[in-house]
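**Student:** Can you keep this structure in mind? I'll have questions shortly.
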Protein chains: 2
Amino acid sequence: MQFALTPLDEHELLVFWTQLLVLVAAARFCGAVMRRLNLPSVIGQLGAGVILGPSIFGRVWTDGFEWFLPEHEISSGALFAVSWLGVAFLLVTAGFETDLGLIRRLGRAAALVTGFSLVVPLIGGLVVGGVLPESFIGPESDRTVFALFVAAALAVSALAVIAKILSELGLMRRDFGQITVAAGMANDVVGWIMLAVFTGFATSGEVSTSGIVRTVGGLAIFLALAMTVGQRVVDRALRWVRRDGPDVAGAMTVVVMTMLIYGVATQALGIEAVLGAFVAGVVLHRSRFQQREVLDHLESVTNTFLAPVFFATAGLRVDLGLLGQDDAIAWAGVVVAVAIVAKFVGAFVGAKLAGQSNRAATALGAGLNARGALEIVIASVGLSLGVFTETAYTVIVIVPLITSIFAAVSLRIVVRDWRGTDKEQERLDREEALAKNLVVTSQRILLPSKGHPASIAAAQLAQFAWPKEAPSTILTVGDEDADISVLEAVLDEREVDHNRSSGVSIGSARDVAASIVAESNLGYGVVVVGVA
Amino acid sequence: MQFALTPLDEHELLVFWTQLLVLVAAARFCGAVMRRLNLPSVIGQLGAGVILGPSIFGRVWTDGFEWFLPEHEISSGALFAVSWLGVAFLLVTAGFETDLGLIRRLGRAAALVTGFSLVVPLIGGLVVGGVLPESFIGPESDRTVFALFVAAALAVSALAVIAKILSELGLMRRDFGQITVAAGMANDVVGWIMLAVFTGFATSGEVSTSGIVRTVGGLAIFLALAMTVGQRVVDRALRWVRRDGPDVAGAMTVVVMTMLIYGVATQALGIEAVLGAFVAGVVLHRSRFQQREVLDHLESVTNTFLAPVFFATAGLRVDLGLLGQDDAIAWAGVVVAVAIVAKFVGAFVGAKLAGQSNRAATALGAGLNARGALEIVIASVGLSLGVFTETAYTVIVIVPLITSIFAAVSLRIVVRDWRGTDKEQERLDREEALAKNLVVTSQRILLPSKGHPASIAAAQLAQFAWPKEAPSTILTVGDEDADISVLEAVLDEREVDHNRSSGVSIGSARDVAASIVAESNLGYGVVVVGVA
């Protein structure tokens, strides 16, 4: 049979390496400049792409631009492959940093802020999407799908930007900071799900009842399987690679395979591999056998190299010249204004309903206005799927550029010299003291025990000294009938699980010790043993 | 102007993610199986590609194969981009592990072994390349270039395979092990240079005097600049990112930028970006401001994900069915036989001339027979450039599969129960004691001093306690005329450099302390201060 792979020839390889060099260098440079100005680096990376795109580089030196971005499909494929790899890795790390537990703990406040800060701009976006000119709607789409994509793009917030500003100003652990982070993360989760559902509609060409059932049903089944069976398989795999102590290469294999399997599954369902990568990150983070170093390794290659390629490539597709046609520049103003006002109003109302002060509500309205990676992904997917024309894409991509700057500047003004309540201060002091203690951390506690009194004393000590957030595992070896109910009662308010190790030769002290050592390899902060 | 980038559509994205998932899963699985069998994992990864290629998967399930490897150029571009990224990262790490100092130290022995183990198979390869049928020669090449590529492919050795076996058997620090490693690294360096030169010939279509001058001249200029000006710029950059202590993200940026700049430079010279990536690794390793963690980060993403994609893709291009045509299978036998015999004879003769025992010479002949990544890269480049037909490619790729197995098995047999001489044993004992000492290591020594007697005593202590391999830096702050000649004399046999820090306010103790702290951030094993 005829063989199908066409390799890149020498010239195409030169173009490919040059593209990577120029995009990474420009993106990192502009990103660093933005950071110096206390603005998000993503904005600089996107801007670098805009400069290297048809609007500026393409006009200034057309021959060079045509060499740099040839019309060969093989070259486009090569550049987009690196770009997609970058966004997939970026989403694994974003998912890894999403703490579903925090969202749950802050329950009502986070839900109100998230709900209103999403719904109001969604409505605003649907209205704007309904009135934007026909020429903005891509060839593969009807107006409903188009309006949904516009709404999704306006509704999402960028946690990274907000988190960075809050942590710089030392506000991260404040009540307000915690709500912002929880709302930002919940926002991300809902944003990815919206993108998945709307992509499903776009792929089937229209919003129909059967389309909704298929997409939402597929997504629901994927999420259910990914978070249950998938979670257990990932747990098992991460536990297995760690059986002899930390093994970063093994854990990295689990991370990469989970990302690829979830990515292929979501892509096959017509809901974008990037959602799969994000869910993979969440699942990997939820596993107690995860190894934090893997995230560091992934992040350093992603943040320095692959993600900048993605953002710069997204910028390359912006053509500012298109703003001159069809009143596009006026429409861009409308879109940006709706984005800022709707987000601000939504977050402010949600925060007030959740009982926050006027200042906290204003800060939330300002901070959640930042948009970043997620909106750029939504715009890119919309362009790729033919939902957006290049004009609409250019208008939509202007939103994060402006709203992020607005958010960074206004948030700084609102929170300047803002001191919390006494109660809040007390919690912060306690947390600070805890952070300085190298022994007492909120990592998991291992308590090997058969329920003897000495173990109960040990459990009481652990319960007293360690923060309530630290979960614990009681390990009983061999003894099937060990009564650990007293221990569980002592470790009140704390997540406790019970692991019965099947020591074969009961009574062999060596066997028991080996079981305890094997278990302790799996990532505990402390092992507490009561010796009678 | 018309915009040039064509994005991957939803179906192409699904194919892309599926290709990555299947290739990585199969490659890692087959690699792990090979490792269990004590064979190099690269062979398993290549084999996984062969199984997924036209020979097996393509015959068993043609429809599935056509879906998996569509003929669209955009899909080929995407897969090759990941594959090239994998090989570039792999070569940075290979370069990083190439210790030019070791090659220099073992000078004559390494040179003799390397020289003969390269020249004999080169001659063998040229002869075979001269007699292989016309149908093996690619459309873009004449027989001279073809024979040169065959010779290069047969001449190179794979250090990774040998090093792994030696370290498993605990022979790495033995005299014989050191020579093998030095010869393997020298082999790699020469192999990359050969590939660069021959690629230059292939790009210009023939071997002409002007072609030789252009390629060799270009390569010489690149190497000279890369190792001098480039080295200094890399040093400066790595030193700068480290000014406030280790900064892995900063160092990773330097690594990525160096790789891309060197890659683009070599590709522009027509000598393959992969050589540039290798030289980038060597330069980064030579800098004393490098941070070892960067290599770990790069390696974990490369070894678990990107490199397996490269090897599996190389395997995909093998079509075993072609062996049935033109007596190809017989020719494959000839090529493998010449590869094994010529390499063995060359290494054996070189080792005997270097004064090695028969056993050591046999072990070198066996071990250096392993081929791996470099040969696969040479074959891939040959196929891409149209020097090899697919039949020739398939024949050439069989060589590493068989020689690596031969090397692994025969080396184990030769070195079993092999004890070194007494003198060698003494050195090994000393090294072992040193390795256990956490304070005395062979990292660089920092000696802040103005030449006072207390510093001389400190230098004597350091000279006595630390191994000769540990280089040292004498730091003088402020005092332009400090006489450090005595210190240099004390630190005899040791590489010493002198750094005058331009402390502005001489005499300010705080300023001096700050200079010493700033310097010590730059990666020293120990700071020795004489206090009078």
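In the structure tokens, each chain is lettered A, B, ... as it comes, each chain's residues begin at 1, and ligands are numbered from 1 in order of appearance.
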Would you list the contacts of Leu306 (chain A) as a VMD selection string, taking every protein, DNA or RNA residue within 9 Å and counting only C-alpha atoms, but skipping same-chain residues closer than 3 positions in sequence?
**Tutor:** chain A and resid 24 82 to 87 89 to 90 301 to 303 309 to 310
**Student:** Any chance you can output those residues with N, CA and C atoms as a CSV table (one decimal), in the first residue's frame?
**Tutor:**
```csv
chain,number,residue,atom,x,y,z
A,24,VAL,N,8.5,32.4,20.3
A,24,VAL,CA,8.9,32.3,21.8
A,24,VAL,C,9.6,33.5,22.2
A,82,VAL,N,2.3,22.3,17.9
A,82,VAL,CA,3.0,22.8,19.1
A,82,VAL,C,2.1,23.6,19.9
A,83,SER,N,1.3,24.4,19.2
A,83,SER,CA,0.4,25.3,19.9
A,83,SER,C,-0.7,24.5,20.7
A,84,TRP,N,-1.3,23.5,20.1
A,84,TRP,CA,-2.2,22.7,20.8
A,84,TRP,C,-1.6,21.9,22.0
A,85,LEU,N,-0.4,21.4,21.7
A,85,LEU,CA,0.3,20.8,22.8
A,85,LEU,C,0.5,21.7,24.0
A,86,GLY,N,0.8,23.0,23.7
A,86,GLY,CA,1.0,24.0,24.7
A,86,GLY,C,-0.3,24.2,25.5
A,87,VAL,N,-1.4,24.3,24.8
A,87,VAL,CA,-2.7,24.6,25.5
A,87,VAL,C,-3.1,23.4,26.3
A,89,PHE,N,-1.1,21.1,27.8
A,89,PHE,CA,-0.3,21.1,29.0
A,89,PHE,C,-0.7,22.2,29.9
A,90,LEU,N,-1.0,23.4,29.4
A,90,LEU,CA,-1.4,24.5,30.2
A,90,LEU,C,-2.7,24.2,31.0
A,301,VAL,N,8.4,23.5,31.4
A,301,VAL,CA,8.5,23.4,29.9
A,301,VAL,C,7.3,24.2,29.3
A,302,THR,N,6.1,24.1,29.9
A,302,THR,CA,4.9,24.7,29.4
A,302,THR,C,5.0,26.3,29.4
A,303,ASN,N,5.4,26.8,30.6
A,303,ASN,CA,5.4,28.3,30.8
A,303,ASN,C,6.5,28.9,30.0
A,309,VAL,N,4.0,29.8,22.8
A,309,VAL,CA,3.7,29.5,21.4
A,309,VAL,C,2.2,29.5,21.1
A,310,PHE,N,1.5,29.0,22.0
A,310,PHE,CA,0.0,29.0,21.9
A,310,PHE,C,-0.5,30.4,21.8
```
**Student:** Residues of chain B no more than 6 Å from chain A, counting only C-alpha atoms: send them over as a PDB file with C-alpha atoms, in the first residue's frame.
**Tutor:**
```
ATOM      1  CA  ALA B   4      -2.126  31.974   5.548  1.00  0.00           C
ATOM      2  CA  LEU B   5      -2.589  29.762   8.602  1.00  0.00           C
ATOM      3  CA  THR B   6      -4.899  26.791   8.108  1.00  0.00           C
ATOM      4  CA  LEU B  14      -9.035  13.947  16.833  1.00  0.00           C
ATOM      5  CA  TRP B  17      -4.541  13.365  19.689  1.00  0.00           C
ATOM      6  CA  THR B  18      -5.251   9.731  18.819  1.00  0.00           C
ATOM      7  CA  LEU B  21      -2.033   8.573  22.509  1.00  0.00           C
ATOM      8  CA  GLU B  71      -2.616  11.446   3.664  1.00  0.00           C
ATOM      9  CA  GLU B  73      -0.254  17.166   4.684  1.00  0.00           C
ATOM     10  CA  ILE B  74      -1.598  19.085   7.673  1.00  0.00           C
ATOM     11  CA  SER B  76       1.750  14.868   8.698  1.00  0.00           C
ATOM     12  CA  GLY B  77       2.972  18.319   9.665  1.00  0.00           C
ATOM     13  CA  ALA B  78       1.385  18.045  13.098  1.00  0.00           C
ATOM     14  CA  ALA B  81       6.347  18.737  14.601  1.00  0.00           C
ATOM     15  CA  ALA B 249      12.235  28.824  35.050  1.00  0.00           C
ATOM     16  CA  THR B 253      14.267  29.933  29.231  1.00  0.00           C
ATOM     17  CA  LEU B 260      16.129  27.360  19.151  1.00  0.00           C
ATOM     18  CA  VAL B 264      17.779  27.806  13.410  1.00  0.00           C
ATOM     19  CA  GLN B 267      19.172  24.547   9.797  1.00  0.00           C
ATOM     20  CA  HIS B 297      12.624  18.881  33.982  1.00  0.00           C
ATOM     21  CA  SER B 300      11.060  13.983  32.292  1.00  0.00           C
ATOM     22  CA  THR B 304       8.079  10.062  28.926  1.00  0.00           C
TER      23      THR B 304
END
```
